[in-house]
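Engineer: To be precise about what I am sending: the file is called start_19.cif and holds mmCIF, C-alpha atoms.
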```
data_model
loop_
_atom_site.label_atom_id
_atom_site.label_comp_id
_atom_site.auth_asym_id
_atom_site.auth_seq_id
_atom_site.Cartn_x
_atom_site.Cartn_y
_atom_site.Cartn_z
CA GLY A 1 0.00 0.00 0.00
CA GLU A 2 0.92 3.62 0.09
CA ASP A 3 3.72 4.64 2.40
CA VAL A 4 5.01 7.99 3.61
CA GLU A 5 8.27 8.20 5.53
CA GLN A 6 9.85 10.99 7.54
CA SER A 7 12.80 11.28 9.86
CA LEU A 8 11.53 11.35 13.42
CA PHE A 9 13.52 14.14 14.99
CA LEU A 10 15.26 17.38 14.06
CA SER A 11 17.02 19.83 16.34
CA VAL A 12 18.00 23.32 15.18
CA ARG A 13 19.26 26.53 16.69
CA GLU A 14 16.95 29.51 16.85
CA GLY A 15 17.43 31.68 13.77
CA ASP A 16 18.76 28.86 11.59
CA SER A 17 16.82 27.21 8.78
CA SER A 18 15.09 23.88 9.32
CA VAL A 19 14.64 21.33 6.56
CA ILE A 20 12.22 18.48 7.10
CA ASN A 21 12.23 15.69 4.53
CA CYS A 22 9.60 13.23 3.39
CA THR A 23 9.49 10.41 0.88
CA TYR A 24 6.39 8.71 -0.47
CA THR A 25 5.59 5.77 -2.70
CA ASP A 26 2.33 6.65 -4.47
CA SER A 27 3.31 8.32 -7.74
CA SER A 28 -0.32 9.22 -8.41
CA SER A 29 -0.57 11.50 -5.37
CA THR A 30 -2.01 14.73 -6.65
CA TYR A 31 -1.54 16.97 -3.64
CA LEU A 32 1.12 16.88 -0.96
CA TYR A 33 0.77 18.60 2.37
CA TRP A 34 2.60 19.76 5.43
CA TYR A 35 0.72 19.95 8.71
CA LYS A 36 1.88 21.18 12.11
CA GLN A 37 0.72 19.67 15.40
CA GLU A 38 1.42 21.19 18.78
CA PRO A 39 1.09 19.12 21.98
CA GLY A 40 -2.48 18.06 22.67
CA ALA A 41 -3.83 19.92 19.66
CA GLY A 42 -5.22 19.11 16.26
CA LEU A 43 -3.47 19.60 12.96
CA GLN A 44 -2.83 22.96 11.40
CA LEU A 45 -2.52 23.08 7.63
CA LEU A 46 0.73 24.88 6.85
CA THR A 47 0.93 24.55 3.12
CA TYR A 48 0.36 22.18 0.24
CA ILE A 49 1.74 21.72 -3.25
CA PHE A 50 0.20 20.39 -6.42
CA SER A 51 2.09 17.51 -7.99
CA ASN A 52 2.92 19.43 -11.17
CA MET A 53 4.81 22.07 -9.21
CA ASP A 54 8.46 21.94 -8.15
CA MET A 55 8.42 24.62 -5.52
CA LYS A 56 6.06 26.72 -3.48
CA GLN A 57 7.04 29.55 -1.16
CA ASP A 58 4.85 31.11 1.49
CA GLN A 59 6.58 33.61 3.77
CA ARG A 60 9.09 31.63 5.84
CA LEU A 61 8.01 28.30 4.36
CA THR A 62 9.41 26.77 1.19
CA VAL A 63 8.19 23.46 -0.15
CA LEU A 64 10.28 21.55 -2.68
CA LEU A 65 8.94 18.59 -4.63
CA ASN A 66 11.06 16.13 -6.59
CA LYS A 67 8.44 14.01 -8.26
CA LYS A 68 10.95 11.73 -9.93
CA ASP A 69 12.46 10.75 -6.57
CA LYS A 70 9.10 11.06 -4.74
CA HIS A 71 10.73 13.42 -2.27
CA LEU A 72 9.09 16.35 -0.54
CA SER A 73 10.76 18.83 1.78
CA LEU A 74 9.72 21.72 3.98
CA ARG A 75 12.18 24.48 4.72
CA ILE A 76 11.45 26.89 7.55
CA ALA A 77 13.59 30.01 7.41
CA ASP A 78 14.64 31.85 10.57
CA THR A 79 13.29 29.11 12.81
CA GLN A 80 11.75 30.36 16.06
CA THR A 81 10.96 28.62 19.35
CA GLY A 82 7.29 28.82 18.42
CA ASP A 83 8.03 26.54 15.50
CA SER A 84 8.75 23.68 17.90
CA ALA A 85 6.11 21.06 17.10
CA ILE A 86 5.55 17.86 15.16
CA TYR A 87 5.40 18.27 11.40
CA PHE A 88 3.47 15.77 9.33
CA CYS A 89 3.88 15.13 5.66
CA ALA A 90 0.72 13.83 3.97
CA VAL A 91 -0.22 12.87 0.42
CA THR A 92 -3.52 12.24 -1.29
CA SER A 93 -4.21 8.61 -2.02
CA GLY A 94 -5.87 6.91 -4.94
CA GLY A 95 -7.26 10.12 -6.40
CA TYR A 96 -9.58 10.59 -3.45
CA ASN A 97 -9.64 13.16 -0.71
CA LYS A 98 -8.19 10.84 1.90
CA LEU A 99 -4.71 11.52 3.12
CA ILE A 100 -1.89 9.17 4.03
CA PHE A 101 0.36 10.57 6.74
CA GLY A 102 3.98 10.11 7.61
CA ALA A 103 4.98 9.38 11.18
CA GLY A 104 5.79 13.02 11.87
CA THR A 105 9.04 14.86 12.51
CA ARG A 106 9.50 16.39 15.93
CA LEU A 107 11.24 19.74 15.52
CA ALA A 108 13.06 21.07 18.56
CA VAL A 109 14.33 24.65 18.47
CA HIS A 110 16.96 25.62 21.02
CA PRO A 111 18.52 28.99 21.82
CA GLY B 1 -8.95 28.73 6.46
CA ALA B 2 -12.16 26.90 7.19
CA VAL B 3 -13.06 25.85 10.71
CA VAL B 4 -13.80 22.33 11.86
CA SER B 5 -14.90 21.75 15.43
CA GLN B 6 -15.13 18.63 17.54
CA HIS B 7 -17.05 17.89 20.69
CA PRO B 8 -16.19 16.86 23.29
CA SER B 9 -12.51 17.71 23.46
CA ARG B 10 -11.91 15.15 26.16
CA VAL B 11 -13.96 12.25 27.51
CA ILE B 12 -13.37 9.62 30.14
CA CYS B 13 -15.71 6.66 30.28
CA LYS B 14 -16.03 3.25 31.85
CA SER B 15 -15.34 0.10 29.91
CA GLY B 16 -18.45 -1.18 28.14
CA THR B 17 -20.10 2.18 27.61
CA SER B 18 -20.58 3.97 24.28
CA VAL B 19 -19.19 7.39 23.45
CA LYS B 20 -20.32 9.74 20.70
CA ILE B 21 -17.96 12.29 19.15
CA GLU B 22 -19.25 15.10 16.95
CA CYS B 23 -17.44 16.75 14.07
CA ARG B 24 -18.82 19.95 12.59
CA SER B 25 -17.80 22.11 9.68
CA LEU B 26 -18.63 25.59 10.91
CA ASP B 27 -18.45 27.78 7.84
CA PHE B 28 -18.75 25.43 4.91
CA GLN B 29 -20.66 22.37 3.80
CA ALA B 30 -18.89 19.06 3.64
CA THR B 31 -20.30 16.10 1.77
CA THR B 32 -17.31 14.10 2.90
CA MET B 33 -15.60 14.03 6.26
CA PHE B 34 -12.80 11.79 7.48
CA TRP B 35 -12.13 10.19 10.84
CA TYR B 36 -8.58 9.51 11.98
CA ARG B 37 -7.10 7.91 15.05
CA GLN B 38 -3.78 8.85 16.57
CA PHE B 39 -1.93 6.87 19.22
CA PRO B 40 0.60 8.65 21.44
CA LYS B 41 3.68 9.75 19.52
CA GLN B 42 2.40 8.12 16.37
CA SER B 43 0.95 9.22 13.10
CA LEU B 44 -2.68 9.58 12.09
CA MET B 45 -4.38 6.50 10.75
CA LEU B 46 -7.45 6.93 8.59
CA MET B 47 -10.34 4.98 10.04
CA ALA B 48 -13.20 5.79 7.70
CA THR B 49 -14.67 8.18 5.19
CA SER B 50 -18.00 9.64 6.20
CA ASN B 51 -20.37 10.37 3.32
CA GLU B 52 -23.41 12.59 3.73
CA GLY B 53 -26.58 10.64 3.05
CA SER B 54 -24.91 7.28 2.58
CA LYS B 55 -22.92 4.65 4.41
CA ALA B 56 -19.42 5.32 5.60
CA THR B 57 -16.47 3.66 3.94
CA TYR B 58 -14.18 1.94 6.43
CA GLU B 59 -10.49 1.26 6.04
CA GLN B 60 -9.22 -2.27 6.21
CA GLY B 61 -9.04 -3.56 9.75
CA VAL B 62 -11.52 -1.05 11.22
CA GLU B 63 -14.61 -2.67 12.74
CA LYS B 64 -17.67 -0.94 11.35
CA ASP B 65 -19.89 -2.30 14.13
CA LYS B 66 -17.56 -0.91 16.76
CA PHE B 67 -17.04 2.52 15.23
CA LEU B 68 -20.42 3.74 14.03
CA ILE B 69 -20.38 6.74 11.73
CA ASN B 70 -23.39 8.86 10.85
CA HIS B 71 -23.18 11.82 8.49
CA ALA B 72 -26.56 13.33 9.21
CA SER B 73 -26.13 16.66 7.45
CA LEU B 74 -23.70 18.61 5.34
CA THR B 75 -22.12 20.09 8.46
CA LEU B 76 -22.19 17.23 10.96
CA SER B 77 -20.65 13.78 11.22
CA THR B 78 -20.64 11.67 14.36
CA LEU B 79 -18.42 8.81 15.43
CA THR B 80 -19.77 6.49 18.11
CA VAL B 81 -17.37 4.13 19.82
CA THR B 82 -19.60 1.29 20.98
CA SER B 83 -18.84 -0.87 24.00
CA ALA B 84 -15.56 0.96 24.52
CA HIS B 85 -12.58 -0.85 26.01
CA PRO B 86 -9.23 0.46 27.26
CA GLU B 87 -7.57 -0.37 23.94
CA ASP B 88 -9.92 2.14 22.28
CA SER B 89 -8.30 4.94 24.27
CA SER B 90 -6.81 7.27 21.70
CA PHE B 91 -6.93 10.71 20.11
CA TYR B 92 -9.68 10.87 17.48
CA ILE B 93 -9.47 13.60 14.86
CA CYS B 94 -11.87 14.46 12.07
CA SER B 95 -11.25 16.43 8.92
CA ALA B 96 -13.39 18.05 6.28
CA GLY B 97 -12.92 19.99 3.12
CA ARG B 98 -12.45 19.52 -0.56
CA VAL B 99 -9.17 18.83 -2.26
CA PRO B 100 -6.82 20.51 -2.09
CA GLU B 101 -7.67 21.85 1.33
CA GLN B 102 -8.38 19.52 4.21
CA PHE B 103 -8.95 21.08 7.59
CA PHE B 104 -8.73 19.19 10.82
CA GLY B 105 -10.71 19.46 14.01
CA PRO B 106 -8.93 19.97 17.34
CA GLY B 107 -9.34 16.31 18.25
CA THR B 108 -11.07 14.35 21.01
CA ARG B 109 -9.06 12.50 23.58
CA LEU B 110 -10.88 9.36 24.68
CA THR B 111 -9.81 7.54 27.81
CA VAL B 112 -11.55 4.28 28.65
CA LEU B 113 -11.07 3.07 32.21
#
```
Before we go any further, please render this structure as structure tokens.
Structural biologist:
Amino acid sequence: GEDVEQSLFLSVREGDSSVINCTYTDSSSTYLYWYKQEPGAGLQLLTYIFSNMDMKQDQRLTVLLNKKDKHLSLRIADTQTGDSAIYFCAVTSGGYNKLIFGAGTRLAVHP
Amino acid sequence: GAVVSQHPSRVICKSGTSVKIECRSLDFQATTMFWYRQFPKQSLMLMATSNEGSKATYEQGVEKDKFLINHASLTLSTLTVTSAHPEDSSFYICSAGRVPEQFFGPGTRLTVL
């Protein structure tokens, strides 16, 4: 079945850039997403990218998509302590609205 | 973005009882809503797709008689955990929207004693 993989943990210094990586197996995924989850909370949609795009930038967030390698990344510029959270990569599955999630990357930002 | 609410946010119940969780789309209509389950420090697993006016579609391995889903209107879907047991304790999250945007509710933490 479909699979989405992420590294589990990333630690960065405040002010540096963070890059969170994700790989997926379903080449037919039309939309690819990044969600943020803070402790005890639901998921916040950060950004998404359509599969025919290579890059999308939204303020401090940059999403890169390498469709050939099925690799998605999220870059957060000037990372702040408020960015500490779990970041989930998700892709659409089978042409439907349902999403398949990665395990999540816990981002820790230290002074 | 659009707002999806869930109620209750937290529930504790005794083993053997049933618990109903509501998911509402507050400012848009949703013919389709999704129910996910998240165990501590793990990812979200899709349980079922809730379809307004028709039966829900369950993912493989999810017991439809245990997790009853009713999509009564274009703004409300409910998940009922029947005869709950401690292993059903989890974080349940719903989502609604139309591709490309899927918005998630704040989640319901269920604890079964």
Engineer: Residues of chain B were defined as contacting chain A if any atom lay at most 12 Å from it, counting all atoms listed in the file; please report them as a PyMOL selection string.
Structural biologist: chain B and resi 1-6+9-10+30-51+57-60+90-109
Engineer: Give me, as a list in words, all polymer residues having an atom no more than 10 Å from Thr62 (chain A), counting only C-alpha atoms and skipping those fewer than 2 positions away in the same chain.
Structural biologist: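 Residues meeting the cut-off are Val19, Thr47, Met55, Lys56, Gln57, Asp58, Gln59, Arg60, Leu64, Ser73, Leu74, Arg75, Ile76 and Ala77 of chain A.
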Engineer: One decimal, in Å: what's the spacing between CA of His71 (chain A) and CA of Pro39 (chain A)?
Structural biologist: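 Distance reported for this atom pair: 26.7 Å.
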Engineer: CA of Val4 (chain A) and CA of Thr25 (chain A) are how many Å apart?
Structural biologist: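 We find that CA of Val4 (chain A) and CA of Thr25 (chain A) lie 6.7 Å from each other.
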Engineer: As an exercise, work out the distance from CA of Phe28 (chain B) to CA of Leu61 (chain A) in Å and give it to one decimal place.
Structural biologist: 26.9 Å
Engineer: Evaluate the PyMOL selection byres ((chain A and resi 8-12) around 10) and record the selected residues as a ChimeraX atom specification, following the chain and residue labels used in the document.
Structural biologist: /A:5-7,13-21,79-81,84,86-87,102-111
Engineer: Applying the PyMOL selection byres ((chain B and resi 81) around 8) to the file I just gave you, which residues come out? Please list them as a list in words.
Structural biologist: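 Applied to this file, the PyMOL selection byres ((chain B and resi 81) around 8) returns Ser18, Val19, Lys20, Lys66, Phe67, Leu68, Leu79, Thr80, Thr82, Ser83 and Ala84 of chain B.
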